[in-house]
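Working notes, beginning with the structure itself.
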Amino acid sequence: MNVIINGERHEFRRSMTVRELLGELKIDSSRGMAVAINDSVVPKQEFDRAAITEGDRVEIIRATQGG
Amino acid sequence: MNVIINGERHEFRRSMTVRELLGELKIDSSRGMAVAINDSVVPKQEFDRAAITEGDRVEIIRATQGG
Amino acid sequence: MNVIINGERHEFRRSMTVRELLGELKIDSSRGMAVAINDSVVPKQEFDRAAITEGDRVEIIRATQGG
Amino acid sequence: MNVIINGERHEFRRSMTVRELLGELKIDSSRGMAVAINDSVVPKQEFDRAAITEGDRVEIIRATQGG
Amino acid sequence: MRNKNLILGSREFSSRLIVGTGKYRDYDQTRQAIEASGAEIITVALRRLNLDNPNDKGLLDYLGKTYTLLPNTAGCYTAKEAVLTCRLAREALDTTFVKLEVIGDQKTLFPDNEQLLDAARTLVKEGFTVLPYCIDDPVICKKLEDAGCAAVMPLAAPIGSGLGIRNPYNLMMILEQSRVPVIVDAGVGTASDASFAMELGCHGILMNTAIAGSGDPVKMAHAMKLAVEAGRLAFEAGRIPKKLYATASSPVEGLIGR
Amino acid sequence: MRNKNLILGSREFSSRLIVGTGKYRDYDQTRQAIEASGAEIITVALRRLNLDNPNDKGLLDYLGKTYTLLPNTAGCYTAKEAVLTCRLAREALDTTFVKLEVIGDQKTLFPDNEQLLDAARTLVKEGFTVLPYCIDDPVICKKLEDAGCAAVMPLAAPIGSGLGIRNPYNLMMILEQSRVPVIVDAGVGTASDASFAMELGCHGILMNTAIAGSGDPVKMAHAMKLAVEAGRLAFEAGRIPKKLYATASSPVEGLIGR
Amino acid sequence: MRNKNLILGSREFSSRLIVGTGKYRDYDQTRQAIEASGAEIITVALRRLNLDNPNDKGLLDYLGKTYTLLPNTAGCYTAKEAVLTCRLAREALDTTFVKLEVIGDQKTLFPDNEQLLDAARTLVKEGFTVLPYCIDDPVICKKLEDAGCAAVMPLAAPIGSGLGIRNPYNLMMILEQSRVPVIVDAGVGTASDASFAMELGCHGILMNTAIAGSGDPVKMAHAMKLAVEAGRLAFEAGRIPKKLYATASSPVEGLIGR
Amino acid sequence: MRNKNLILGSREFSSRLIVGTGKYRDYDQTRQAIEASGAEIITVALRRLNLDNPNDKGLLDYLGKTYTLLPNTAGCYTAKEAVLTCRLAREALDTTFVKLEVIGDQKTLFPDNEQLLDAARTLVKEGFTVLPYCIDDPVICKKLEDAGCAAVMPLAAPIGSGLGIRNPYNLMMILEQSRVPVIVDAGVGTASDASFAMELGCHGILMNTAIAGSGDPVKMAHAMKLAVEAGRLAFEAGRIPKKLYATASSPVEGLIGR
C-alpha cells in the first residue's frame, strides 16, 4: 500500500487502521495530536476502525508554538 | 396600462414605445439621460421599438451633481 | 501699629513678636506653616524674637493642595 | 606692524588706512563686503580715514551662500 | 509607474485631481470651483429624472467647458444595483468610465468589498473602465486589479469626514504592489492632505466635500489644484531624509571672530 | 493679520516663501532653484573673505534677478557675535534686515533664547529689522515681539532635519497671540509640511535644506512655491471640519430602483 | 459591553491579554514570558508531526499551568485549508476555540476577507467559537459578527510589524457598532500601543512578536500585562478631555505677595 | 542613567510617578487616589493661611501615610516671588525639595525661562534640591542642569491640557544629553501617554489633572501607576523595531496539506 503521510510517500505491506498506522510509526496518540485522511478528520474514537487504503493522503498533526 | 415610473404608479390608456412614453411625459431624450425597463437598459436606438407593457417598472434617469 | 497681613490691613495696639502675633490671630504654629516679614522668611526658632513693627508686610502661609 | 586679519597673523612695513590695506590685499571694496577692526564695524565712507595699527584684529567679510 | 500624466484605461490626463460636483451652493459656484481646480475629470451621480419638471436645466448644461464625465454609483448597496446604474450611465453619458461604489454601511459609507468585487468583475467583462472606491486593503486592491479595474481608489478616511490620510502605511503597501494607478478617493480635508497623498506616490486624488464644503469653494479648489501639483513634484523630486539632529545650512568654515 | 501680502517691517512681499542659498551643488543650481521657488527674499551668510582669492565671483554675482537679501547670523553662539555680524551685514549689504540666530547647542542647532533676546533688544535699538530664529515657545515669542522684532521665526524641527511640523499646538498658541508675522524657520521636509504650516495660519516659511538637499532642487523649489500658496489659500478658504463619520457627496434623493 | 471580564462564547476570562507562543528562544523562555503576561488564553499553531522524531516533548508539555489553548490557522490561504485546520485542532486539542486566519498576501500577511467570511460561516455552523483575524474594516467586522463569530479581531498593523495602532478611527467605528468583543490582533509594538488600544475601548489584545521579539521577553510580557490593565482602567475611569490651553492645578486664590 | 530607582538629589524613590494634590473633589478622594497611584512624592502648593479660619484641618492632616512633600511655586510670575515661596516652603515643610515654576503666560501657563534660570541659580546656591518645570528645549534643560538642578522637568503639553506627548523628538534630544533625571511635567492625558513617555526613556512623570480631572480619579490613579511601570519595563526590555511589512509568528515549516 502506498500512502502519502504529511506530504511524503510511504509504503506498507498491508492496509491498516489509523491506530495500526500510528503504532507502526511509533506515535503516541495523546492529547495535542490529530489525523485526517484525504482532508477528512478522523475522530480519535474512530482510530480503531478507520481504514487507510492505497493512495490515501494522511495528515498527522500536533499543536506547536505559534502566534 | 399601469406602469411604475421612477417608483410611482402611472396609468395610460394604451401601451406605448419608450419614445412615445417620453413624448407623453414631455421629456427631451437628450444627452445625459437613460431608460431602463425592469432593470434592463434600453439603448437610445431602441426607443422607437421598445414597448412598455402592463406592470413594467420603468426608470428614467439623468446625470446630476454628485461626488 | 498698622500692618499688612496676607494682603489685608490690620491694626494692633502695640508692636509684637511673631509668636505674639500668631497667638493674637489664634494660629497654631505647627508643621506646614511659615511666616515672612517684608519678603524675608522668619525661621521658626526666631518667632520669639522677631519683631513686627509699623508698616510691615506679613505673609503667613501654609501648604495646601496643588499640582 | 603685526595685525590679525581674518584670524591669521599678517605683517606689514607700516600702518595703513583700511583703504590701503584693501589695496595691499587686492580686495575690491564692492557691494557684499564689510570690515571690522577689533569688533567695531568700519563704515565704507570711513575706509580712507580709519587707521589700522599694531595688534589690531581685522575682519574682512562678505556675503556668501547660507540658510 | 512614473508617467508624466495620469493614465486611466486608454486615456491620458494631465491633471491628477478628479473632483465631484455635489454639495455646492449652486451651479455657478460648481462651475467656478471646477474651473479653479483644473480638473479634467468630474464625477456625476445618476438620479431619477423629476417627472414634474423633466426639462429644467441640469448640471451638465451649466458647465462651460467639456469635461470627462465620471458617473458614480453612489447610493448603491448591492452589486446588482451598481451594475444597472453603470449600464444606465453608459447609455446616458456615452462613456465607459465609471466610479464604482457599493456601499456596505450607511454610517461610515465604507464599501462592501464582496459586492464591489462582484460588480467589478461583471463590469470589466462588459467593457467598462472601472474605477472602484474601495477600502485601503492591499489584498482587496490586488483582487480589483486582477479583475481588470483601470485603477484602484482606496479611501483615505470616511467620505466627507475630512480626516485626511489616516493610514499612510496601507497606501504605501498598495502603491508598492500596484500596476494600475492608485487614486485616493475620500477623506481628504485640506490642501496638505492632498500633497501628502501625492508625496506617498499616489497617482491622483478624487475629492468633493473638501472643496464644496469649505468656506470658499472656489479658493479651496485652487488650493487643491496647487497642492496636488506640489505633492506630485515633491514626490518626483525626492524629499530629504528625516533625521533627529540638525545640519547647518550655512557654511561652518570662515566663521567670524573665531 | 490676514493681509494679502507678507509684511515685514516697512516692506511688503507677495511671496510667503523665503529660501536659503546654502548647500546647492553650484551657483547655477542655486539660481534656478531660487527662481523656481518664486521667493523674493533669500538668506545669505556672512563669512570671512578668502584672502588668497579675494575677488572670485560670489553668489550675489550669479543671481540674475534682484532679491531682497536677508543676512543671517548662522554660526554665532553669543549675542555679541551675532550683533557684530549684523552690523557687518548692514554695512556689506546695505540692508537693515537680519535673520538673527544665536545657537545654543551644536548638535541640535537650537537657539540660546537668553542670548537671542539680548541680541534682539540691542539690534532693534540700532534700527535693524530683526527676524529671530527661536524656539516654538509662546513666552519667548511674546518677549521677542515686545522687544520690537518685525516677526518671530519659530523652528518647526531641527535645522535640516526634515521632521516637519513637530508641534502644531505650540504654533497655534503663538499664532493666536502674535501681532507680528509668524514665519516657520527650519524643519520643513517636504511640500505637505509647508502646506500644513500655512494652513495653521503661519504667515510665511523659511527653508533651505528641504530644497537644496532634495533629489531635484529645482523641481522641489517649484513644489514648495505651490505648496506655500496652496496652504495659504486653504487657510483663507477655511477647511471643512473633521468628523468621525461619513457624509454622502451625492444626493440621497432619487436613488434608482428603490 | 462594559463587562468586568472578557467574554468569548460561553467562557469568561479575567485577563484581557492573549499571547502567542511563537518565536521564543526556547520553551523555558516561552513559559516564563507567558506566566509574566498573566494571559489565560494562548495561541498555538498546528503543524505536521515530525515522523522522524514523533514523540519529542512539545510546547504543551513544558507549560506548567493549564491555559486555554487557542489554535490558529496561520499559514492557510484558502477557506478550505482553514476549515480543515480548525477541525484538526478541535480533535487534537478538544476545544471549539479557533483563531481563524486566512492569509491573502504573503508580504503583508493581510487577510483574504472573502475566504475568511466563507470559512467563518462554515465553522460557526459546525459549532466552533470563531475568533477571526480580519482587517480593520467596519463592514467586514459587521459581516463576521452577523456570521456568528464570538469576537472580531481586527489587525492594528501588519503582523510582527510593531507599527502600533495605525488607524484608531477605524477601530472606533468598529467598537461603536460591535455587539461582540473587539480584540486587536497584530501590530502592537510596545506597552503604550497596548494601553492606547484598550483606552479606545477594545476588549482585549492578542500579541506575540512584541513580546517574543523584544530584548527581554519576560520583562516585556510583564510590561504588556500592566499596560493592558492600565489601558482598561483608564478607559473605565474616563480620561480628561483634550484642550489647547492650560488649566492650573494649584489654587489661584491666596497667592503669596499679590 | 538606568538606575532601578528614581534618584533625586541624595534621595532615592522606587515609584517613578509624582502626583499633584490639586483639583480633587475632597480630601478623602485625594487620599485614596494618591494611595492608588503608588506615588511616594506628592506636590503641594503654598497659599496664604485663611485668617478667618486659621486652624481648620488641611490636606496634610488627611493623608494617612507619610509622603515626600514637593512644594511648588505655582502662580509665581517672577524669580523673586518663586524664590520667596521656596524659602517659605522650606521653613513650613522642613524640606529642601522644590518644584520650581515661574509662569510666563497666564493662558498657556508656559514657563518664563529667563526668570526660571535666574531663580534656579539662586536656589541651588541656597541648598535647595531644585526640580524645575521648563519648556522641552534641550538648550534650556542643559542650562538648568549646569545650574545644578537635581532634575529637569520639561512639559509635554500645557498644564491640564491632556494633549499628551506633543513633541517626542525634543524629549529624545533632552534625554540623550541629560545627566540628571528627566521628568515629564504637565500634559499627560491618559495612561498610554504615561507609558509612551517612559518608553522614550524618561525617568519619571509628574501629573495632577489627568488623575484628578478624570471620571474616576482613584481608578485613573491606579491606571497611571500601572502605565508608568509598564512604560518603564518596556523601555528596559527594549521594544521590537518598527517595519512596514509582516513577519509570521507561527512556523512556516510543516504547513498542513501543502
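Letters for chains follow the order of the C-alpha cells (A, B, ...), residue numbers begin at 1 for each chain, and ligand numbers begin at 1 in the order shown.
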
Determine, using only C-alpha atoms, which residues of chain C have any atom at most 12 Å from an atom of chain G, and tabulate each with its shortest atom pair and distance in Å to one decimal place, rows ordered by chain and then rising number, as JSON lines.
{"residue": "C:Ile4", "atom": "CA", "partner": "G:Gly257", "partner_atom": "CA", "distance": 10.6}
{"residue": "C:Ile5", "atom": "CA", "partner": "G:Gly257", "partner_atom": "CA", "distance": 10.0}
{"residue": "C:Asn6", "atom": "CA", "partner": "G:Gly257", "partner_atom": "CA", "distance": 7.4}
{"residue": "C:Gly7", "atom": "CA", "partner": "G:Arg258", "partner_atom": "CA", "distance": 7.0}
{"residue": "C:Glu8", "atom": "CA", "partner": "G:Arg258", "partner_atom": "CA", "distance": 10.6}
{"residue": "C:Ala34", "atom": "CA", "partner": "G:Ile256", "partner_atom": "CA", "distance": 11.7}
{"residue": "C:Val35", "atom": "CA", "partner": "G:Ile256", "partner_atom": "CA", "distance": 11.0}
{"residue": "C:Ala36", "atom": "CA", "partner": "G:Gly257", "partner_atom": "CA", "distance": 10.0}
{"residue": "C:Ile37", "atom": "CA", "partner": "G:Gly257", "partner_atom": "CA", "distance": 10.8}
{"residue": "C:Asn38", "atom": "CA", "partner": "G:Gly257", "partner_atom": "CA", "distance": 9.5}
{"residue": "C:Asp39", "atom": "CA", "partner": "G:Gly257", "partner_atom": "CA", "distance": 8.2}
{"residue": "C:Ser40", "atom": "CA", "partner": "G:Gly257", "partner_atom": "CA", "distance": 11.6}
{"residue": "C:Arg57", "atom": "CA", "partner": "G:Gly257", "partner_atom": "CA", "distance": 8.9}
{"residue": "C:Val58", "atom": "CA", "partner": "G:Gly257", "partner_atom": "CA", "distance": 9.2}
{"residue": "C:Glu59", "atom": "CA", "partner": "G:Ile256", "partner_atom": "CA", "distance": 7.2}
{"residue": "C:Ile60", "atom": "CA", "partner": "G:Ile256", "partner_atom": "CA", "distance": 8.9}
{"residue": "C:Ile61", "atom": "CA", "partner": "G:Ile256", "partner_atom": "CA", "distance": 7.8}
{"residue": "C:Arg62", "atom": "CA", "partner": "G:Gly254", "partner_atom": "CA", "distance": 10.2}
{"residue": "C:Ala63", "atom": "CA", "partner": "G:Ser250", "partner_atom": "CA", "distance": 11.1}
{"residue": "C:Thr64", "atom": "CA", "partner": "G:Pro251", "partner_atom": "CA", "distance": 8.7}
{"residue": "C:Gln65", "atom": "CA", "partner": "G:Ser250", "partner_atom": "CA", "distance": 6.7}
{"residue": "C:Gly66", "atom": "CA", "partner": "G:Ser250", "partner_atom": "CA", "distance": 3.9}
{"residue": "C:Gly67", "atom": "CA", "partner": "G:Ser249", "partner_atom": "CA", "distance": 4.6}

Subject >> Close residues, A:Ser29 itself excluded, 12 Å, only C-alpha atoms, min 3 positions apart in chain, as a list in words >> reply: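 Non-adjacent residues within range: Val18, Arg19, Glu20, Leu21, Leu22, Gly23, Glu24, Leu25, Lys26, Gly32, Met33, Ala34, Val35, Pro43, Lys44, Gln45, Phe47, Asp48, Ile60, Ile61 and Arg62 of chain A; Leu49, Pro54, Asn55, Glu91, Ala92 and Leu93 of chain G.
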
Subject >> Exercise: C:Ile52 partners within 7 Å, only C-alpha atoms, chain neighbours under 5 positions left out, as a PyMOL selection string >> reply: chain C and resi 15-18

For the selection just defined, write its residues with N, CA, C and O atoms to a file, as a tab-separated table (two decimals), in the first residue's frame.
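So the final result, stored in part.tsv, reads:
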chain	number	residue	atom	x	y	z
C	15	SER	N	3.34	96.95	69.06
C	15	SER	CA	4.16	96.06	68.24
C	15	SER	C	4.32	94.74	68.98
C	15	SER	O	4.17	94.66	70.19
C	16	MET	N	4.64	93.69	68.21
C	16	MET	CA	4.63	92.34	68.76
C	16	MET	C	5.74	91.51	68.14
C	16	MET	O	6.26	91.84	67.09
C	17	THR	N	6.05	90.39	68.79
C	17	THR	CA	6.88	89.38	68.13
C	17	THR	C	5.97	88.56	67.22
C	17	THR	O	4.74	88.61	67.32
C	18	VAL	N	6.62	87.78	66.36
C	18	VAL	CA	5.83	86.90	65.50
C	18	VAL	C	5.00	85.96	66.37
C	18	VAL	O	3.82	85.72	66.13

**OP:** Could you jot down the atom CA of F:Arg31 to atom CA of E:Ser192 separation for me, Å, one decimal place?
**Re:**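 Atom-to-atom, atom CA of F:Arg31 to atom CA of E:Ser192, that is 27.2 Å.
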
Per residue of chain F within 7 Å of chain E, what are the shortest atom pair and its distance in Å to one decimal, counting only C-alpha atoms, with rows by chain and residue number, as a tab-separated table?
residue	atom	partner	partner_atom	distance
F:Gly22	CA	E:Ser249	CA	5.4
F:Lys23	CA	E:Ser249	CA	6.4
F:Ala45	CA	E:Ser250	CA	6.2
F:Arg47	CA	E:Gly254	CA	5.1
F:Arg48	CA	E:Gly254	CA	5.0
F:Ala74	CA	E:Ser250	CA	6.4
F:Gly75	CA	E:Leu255	CA	6.7
F:Lys107	CA	E:Ala246	CA	6.3
F:Thr108	CA	E:Ala246	CA	5.0
F:Leu109	CA	E:Ala246	CA	6.0
F:Pro158	CA	E:Ala246	CA	5.0
F:Ile159	CA	E:Ala246	CA	4.9
F:Gly160	CA	E:Thr247	CA	4.9
F:Ser161	CA	E:Lys243	CA	5.0
F:Gly162	CA	E:Lys242	CA	4.9
F:Leu163	CA	E:Lys242	CA	5.4
F:Gly189	CA	E:Ile240	CA	6.3
F:Thr190	CA	E:Arg239	CA	5.9
F:Ala191	CA	E:Gly231	CA	6.0
F:Ser192	CA	E:Ser192	CA	4.7
F:Ser195	CA	E:Ser192	CA	5.0
F:Phe196	CA	E:Ser192	CA	5.2
F:Asn208	CA	E:Ser249	CA	6.7
F:Thr209	CA	E:Ser249	CA	6.5
F:Ala210	CA	E:Ile240	CA	6.0
F:Gly213	CA	E:Ile240	CA	5.9
F:Ser214	CA	E:Arg239	CA	5.0
F:Gly215	CA	E:Gly238	CA	4.9
F:Asp216	CA	E:Ala237	CA	4.6
F:Lys219	CA	E:Ala237	CA	5.8
F:Met220	CA	E:Ala234	CA	5.4
F:Ala223	CA	E:Ala230	CA	4.2
F:Met224	CA	E:Ala230	CA	6.6
F:Leu226	CA	E:Leu226	CA	5.3
F:Ala227	CA	E:Ala230	CA	5.4
F:Ala230	CA	E:Ala223	CA	4.2
F:Gly231	CA	E:Ala191	CA	6.0
F:Leu233	CA	E:Ala223	CA	5.3
F:Ala234	CA	E:Met220	CA	5.4
F:Ala237	CA	E:Asp216	CA	4.6
F:Gly238	CA	E:Gly215	CA	4.9
F:Arg239	CA	E:Ser214	CA	5.0
F:Ile240	CA	E:Ser214	CA	5.0
F:Pro241	CA	E:Gly162	CA	6.6
F:Lys242	CA	E:Gly162	CA	4.9
F:Lys243	CA	E:Ser161	CA	5.0
F:Leu244	CA	E:Ser161	CA	6.1
F:Tyr245	CA	E:Thr108	CA	5.4
F:Ala246	CA	E:Ile159	CA	4.9
F:Thr247	CA	E:Gly160	CA	4.9
F:Ala248	CA	E:Ile159	CA	6.5
F:Ser249	CA	E:Gly22	CA	5.4
F:Ser250	CA	E:Gly22	CA	5.6
F:Val252	CA	E:Gly75	CA	7.0
F:Gly254	CA	E:Arg48	CA	4.9
F:Leu255	CA	E:Arg47	CA	5.6
F:Ile256	CA	E:Arg48	CA	6.2

Original post:
Which polymer residues have any atom within 8 Å of an atom of A:Val3, counting only C-alpha atoms, with same-chain residues fewer than 5 positions away left out, as a count of residues only?
Top reply: 9

DSSP on the backbone: what in chain B comes out strand (DSSP E), as a compact mmCIF listing (two decimals) with all heavy atoms, in the first residue's frame?
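Dumped everything to part_30.txt:
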# COMPACT_ATOMS: atom_id res chain seq x y z
N ASN B 2 -51.08 50.02 -16.50
CA ASN B 2 -50.45 50.55 -15.29
C ASN B 2 -48.96 50.24 -15.33
O ASN B 2 -48.58 49.08 -15.51
CB ASN B 2 -51.05 49.88 -14.06
CG ASN B 2 -52.44 50.42 -13.79
OD1 ASN B 2 -52.59 51.59 -13.46
ND2 ASN B 2 -53.47 49.57 -13.95
N VAL B 3 -48.16 51.28 -15.12
CA VAL B 3 -46.71 51.06 -15.05
C VAL B 3 -46.16 51.86 -13.86
O VAL B 3 -46.78 52.81 -13.39
CB VAL B 3 -45.98 51.49 -16.34
CG1 VAL B 3 -46.35 50.59 -17.50
CG2 VAL B 3 -46.27 52.94 -16.67
N ILE B 4 -45.00 51.40 -13.40
CA ILE B 4 -44.30 52.13 -12.32
C ILE B 4 -43.17 52.91 -12.98
O ILE B 4 -42.27 52.32 -13.59
CB ILE B 4 -43.68 51.15 -11.30
CG1 ILE B 4 -44.73 50.16 -10.77
CG2 ILE B 4 -43.03 51.92 -10.15
CD1 ILE B 4 -45.78 50.76 -9.90
N ILE B 5 -43.25 54.21 -12.89
CA ILE B 5 -42.18 55.03 -13.45
C ILE B 5 -41.47 55.73 -12.30
O ILE B 5 -42.10 56.43 -11.51
CB ILE B 5 -42.72 56.07 -14.45
CG1 ILE B 5 -43.56 55.37 -15.53
CG2 ILE B 5 -41.57 56.85 -15.09
CD1 ILE B 5 -44.18 56.33 -16.52
N GLU B 8 -43.12 55.43 -9.00
CA GLU B 8 -44.51 55.84 -8.77
C GLU B 8 -45.42 55.25 -9.85
O GLU B 8 -45.07 55.18 -11.03
CB GLU B 8 -44.61 57.36 -8.78
CG GLU B 8 -43.66 58.00 -7.77
CD GLU B 8 -44.18 59.32 -7.26
OE1 GLU B 8 -45.04 59.94 -7.95
OE2 GLU B 8 -43.74 59.74 -6.16
N ARG B 9 -46.63 54.92 -9.43
CA ARG B 9 -47.60 54.30 -10.32
C ARG B 9 -48.16 55.34 -11.30
O ARG B 9 -48.55 56.44 -10.90
CB ARG B 9 -48.73 53.70 -9.48
CG ARG B 9 -49.94 53.18 -10.26
CD ARG B 9 -50.96 52.59 -9.32
NE ARG B 9 -50.36 51.51 -8.55
CZ ARG B 9 -50.36 50.24 -8.97
NH1 ARG B 9 -50.91 49.91 -10.13
NH2 ARG B 9 -49.81 49.30 -8.22
N HIS B 10 -48.21 54.99 -12.57
CA HIS B 10 -48.82 55.84 -13.61
C HIS B 10 -49.79 54.99 -14.42
O HIS B 10 -49.57 53.81 -14.61
CB HIS B 10 -47.74 56.40 -14.55
CG HIS B 10 -46.89 57.46 -13.93
ND1 HIS B 10 -46.96 58.79 -14.27
CD2 HIS B 10 -45.95 57.36 -12.96
CE1 HIS B 10 -46.08 59.48 -13.55
NE2 HIS B 10 -45.46 58.63 -12.75
N GLU B 11 -50.86 55.63 -14.91
CA GLU B 11 -51.83 54.89 -15.73
C GLU B 11 -51.91 55.53 -17.12
O GLU B 11 -51.93 56.76 -17.25
CB GLU B 11 -53.20 54.92 -15.06
CG GLU B 11 -54.10 53.83 -15.57
CD GLU B 11 -55.43 53.79 -14.83
OE1 GLU B 11 -55.47 54.27 -13.68
OE2 GLU B 11 -56.40 53.32 -15.44
N MET B 16 -47.26 51.59 -25.03
CA MET B 16 -46.51 52.56 -25.83
C MET B 16 -45.08 52.09 -26.04
O MET B 16 -44.58 51.24 -25.29
CB MET B 16 -46.41 53.88 -25.06
CG MET B 16 -47.69 54.65 -24.97
SD MET B 16 -47.41 56.18 -24.05
CE MET B 16 -47.85 55.63 -22.43
N THR B 17 -44.40 52.72 -27.00
CA THR B 17 -42.95 52.57 -27.08
C THR B 17 -42.33 53.54 -26.08
O THR B 17 -42.99 54.45 -25.56
CB THR B 17 -42.42 52.93 -28.48
OG1 THR B 17 -42.67 54.32 -28.70
CG2 THR B 17 -43.11 52.11 -29.56
N MET B 33 -29.24 61.27 -20.25
CA MET B 33 -30.50 60.63 -19.82
C MET B 33 -30.51 59.20 -20.33
O MET B 33 -29.90 58.88 -21.36
CB MET B 33 -31.63 61.46 -20.46
CG MET B 33 -32.99 60.93 -20.25
SD MET B 33 -33.41 59.76 -21.61
CE MET B 33 -35.17 59.99 -21.59
N ALA B 34 -31.14 58.30 -19.54
CA ALA B 34 -31.24 56.91 -19.97
C ALA B 34 -32.50 56.27 -19.38
O ALA B 34 -33.10 56.79 -18.44
CB ALA B 34 -30.00 56.12 -19.56
N VAL B 35 -32.87 55.14 -20.00
CA VAL B 35 -34.11 54.47 -19.61
C VAL B 35 -33.84 52.98 -19.39
O VAL B 35 -33.10 52.36 -20.16
CB VAL B 35 -35.18 54.63 -20.71
CG1 VAL B 35 -36.44 53.80 -20.38
CG2 VAL B 35 -35.54 56.09 -20.93
N ALA B 36 -34.42 52.45 -18.31
CA ALA B 36 -34.39 51.00 -18.11
C ALA B 36 -35.82 50.50 -17.91
O ALA B 36 -36.64 51.19 -17.31
CB ALA B 36 -33.54 50.64 -16.89
N ILE B 37 -36.10 49.33 -18.48
CA ILE B 37 -37.38 48.68 -18.21
C ILE B 37 -37.09 47.38 -17.47
O ILE B 37 -36.29 46.55 -17.94
CB ILE B 37 -38.12 48.37 -19.53
CG1 ILE B 37 -38.33 49.65 -20.33
CG2 ILE B 37 -39.46 47.70 -19.23
CD1 ILE B 37 -38.97 49.42 -21.69
N SER B 40 -33.54 46.38 -17.15
CA SER B 40 -32.72 46.26 -18.36
C SER B 40 -32.67 47.61 -19.06
O SER B 40 -33.72 48.23 -19.31
CB SER B 40 -33.33 45.24 -19.33
OG SER B 40 -33.17 43.95 -18.82
N VAL B 41 -31.46 48.02 -19.37
CA VAL B 41 -31.29 49.32 -20.02
C VAL B 41 -31.80 49.24 -21.46
O VAL B 41 -31.57 48.25 -22.15
CB VAL B 41 -29.80 49.73 -20.00
CG1 VAL B 41 -29.60 51.04 -20.76
CG2 VAL B 41 -29.31 49.84 -18.57
N VAL B 42 -32.51 50.27 -21.90
CA VAL B 42 -32.97 50.35 -23.28
C VAL B 42 -32.04 51.31 -24.04
O VAL B 42 -32.00 52.50 -23.73
CB VAL B 42 -34.40 50.89 -23.36
CG1 VAL B 42 -34.88 50.92 -24.81
CG2 VAL B 42 -35.33 50.08 -22.49
N ALA B 51 -41.14 48.33 -26.35
CA ALA B 51 -42.52 48.53 -25.90
C ALA B 51 -42.61 48.47 -24.38
O ALA B 51 -41.93 47.67 -23.72
CB ALA B 51 -43.40 47.44 -26.49
N ILE B 52 -43.44 49.34 -23.85
CA ILE B 52 -43.73 49.31 -22.42
C ILE B 52 -45.10 48.68 -22.27
O ILE B 52 -46.07 49.09 -22.92
CB ILE B 52 -43.71 50.73 -21.85
CG1 ILE B 52 -42.27 51.25 -21.93
CG2 ILE B 52 -44.21 50.75 -20.42
CD1 ILE B 52 -42.18 52.74 -21.84
N ARG B 57 -41.76 48.10 -14.76
CA ARG B 57 -41.10 49.12 -13.93
C ARG B 57 -40.13 49.88 -14.84
O ARG B 57 -39.21 49.29 -15.39
CB ARG B 57 -40.32 48.48 -12.78
CG ARG B 57 -41.21 48.03 -11.62
CD ARG B 57 -40.42 47.29 -10.57
NE ARG B 57 -39.82 46.08 -11.11
CZ ARG B 57 -38.53 45.97 -11.43
NH1 ARG B 57 -37.69 46.98 -11.22
NH2 ARG B 57 -38.06 44.84 -11.94
N VAL B 58 -40.38 51.16 -14.96
CA VAL B 58 -39.56 51.99 -15.84
C VAL B 58 -38.73 52.95 -15.00
O VAL B 58 -39.25 53.57 -14.07
CB VAL B 58 -40.45 52.79 -16.81
CG1 VAL B 58 -39.60 53.67 -17.73
CG2 VAL B 58 -41.34 51.84 -17.61
N GLU B 59 -37.44 53.00 -15.33
CA GLU B 59 -36.56 54.00 -14.68
C GLU B 59 -36.11 54.99 -15.74
O GLU B 59 -35.61 54.59 -16.79
CB GLU B 59 -35.33 53.32 -14.06
CG GLU B 59 -35.62 52.36 -12.92
CD GLU B 59 -35.93 53.06 -11.60
OE1 GLU B 59 -35.69 54.29 -11.50
OE2 GLU B 59 -36.43 52.38 -10.67
N ILE B 60 -36.31 56.25 -15.46
CA ILE B 60 -35.81 57.30 -16.36
C ILE B 60 -34.85 58.14 -15.53
O ILE B 60 -35.25 58.78 -14.55
CB ILE B 60 -36.96 58.18 -16.90
CG1 ILE B 60 -38.05 57.27 -17.50
CG2 ILE B 60 -36.43 59.18 -17.93
CD1 ILE B 60 -39.30 58.04 -17.91
N ILE B 61 -33.61 58.11 -15.91
CA ILE B 61 -32.61 58.77 -15.07
C ILE B 61 -31.84 59.80 -15.87
O ILE B 61 -31.85 59.80 -17.11
CB ILE B 61 -31.62 57.75 -14.47
CG1 ILE B 61 -30.82 57.06 -15.60
CG2 ILE B 61 -32.34 56.70 -13.64
CD1 ILE B 61 -29.57 57.75 -15.98
N ARG B 62 -31.20 60.68 -15.14
CA ARG B 62 -30.24 61.54 -15.81
C ARG B 62 -29.09 61.85 -14.86
O ARG B 62 -29.16 61.63 -13.65
CB ARG B 62 -30.90 62.82 -16.31
CG ARG B 62 -31.26 63.78 -15.23
CD ARG B 62 -31.51 65.15 -15.91
NE ARG B 62 -31.90 66.13 -14.93
CZ ARG B 62 -32.07 67.40 -15.22
NH1 ARG B 62 -31.95 67.83 -16.48
NH2 ARG B 62 -32.39 68.27 -14.28
N ALA B 63 -28.05 62.37 -15.44
CA ALA B 63 -26.87 62.71 -14.65
C ALA B 63 -27.16 63.97 -13.85
O ALA B 63 -27.80 64.91 -14.33
CB ALA B 63 -25.67 62.95 -15.56
N THR B 64 -26.66 63.98 -12.62
CA THR B 64 -26.83 65.16 -11.79
C THR B 64 -25.57 65.33 -10.95
O THR B 64 -24.63 64.55 -11.07
CB THR B 64 -28.10 64.99 -10.93
OG1 THR B 64 -28.31 66.19 -10.20
CG2 THR B 64 -27.98 63.82 -9.96
N GLN B 65 -25.56 66.35 -10.12
CA GLN B 65 -24.34 66.60 -9.34
C GLN B 65 -24.12 65.46 -8.34
O GLN B 65 -25.08 64.92 -7.79
CB GLN B 65 -24.41 67.95 -8.64
CG GLN B 65 -25.55 68.12 -7.66
CD GLN B 65 -26.85 68.56 -8.30
OE1 GLN B 65 -27.07 68.40 -9.50
NE2 GLN B 65 -27.73 69.12 -7.51

Subject >> For atom CA of E:Val98 and atom CA of E:Val83, the interatomic separation in Å (one decimal) >> reply: 10.0 Å

**OP:** Using atom CA of F:Asp185 and atom CA of F:Val102 as the two end points, give the distance in Å to one decimal.
**Re:**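 Result for atom CA of F:Asp185 versus atom CA of F:Val102: 13.6 Å, one decimal.
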
I need the residues in chain B that are helix (DSSP H, G or I) according to DSSP; give them as a compact mmCIF listing (two decimals) with C-alpha atoms, in the first residue's frame.
# COMPACT_ATOMS: atom_id res chain seq x y z
CA VAL B 18 -40.32 54.27 -24.96
CA ARG B 19 -40.26 57.13 -27.45
CA GLU B 20 -43.99 57.60 -27.06
CA LEU B 21 -43.77 57.49 -23.29
CA LEU B 22 -41.09 60.13 -23.28
CA GLY B 23 -43.25 62.25 -25.55
CA GLU B 24 -46.23 61.77 -23.26
CA LYS B 44 -31.39 55.02 -27.29
CA GLN B 45 -31.55 53.48 -30.76
CA GLU B 46 -34.22 51.10 -29.44
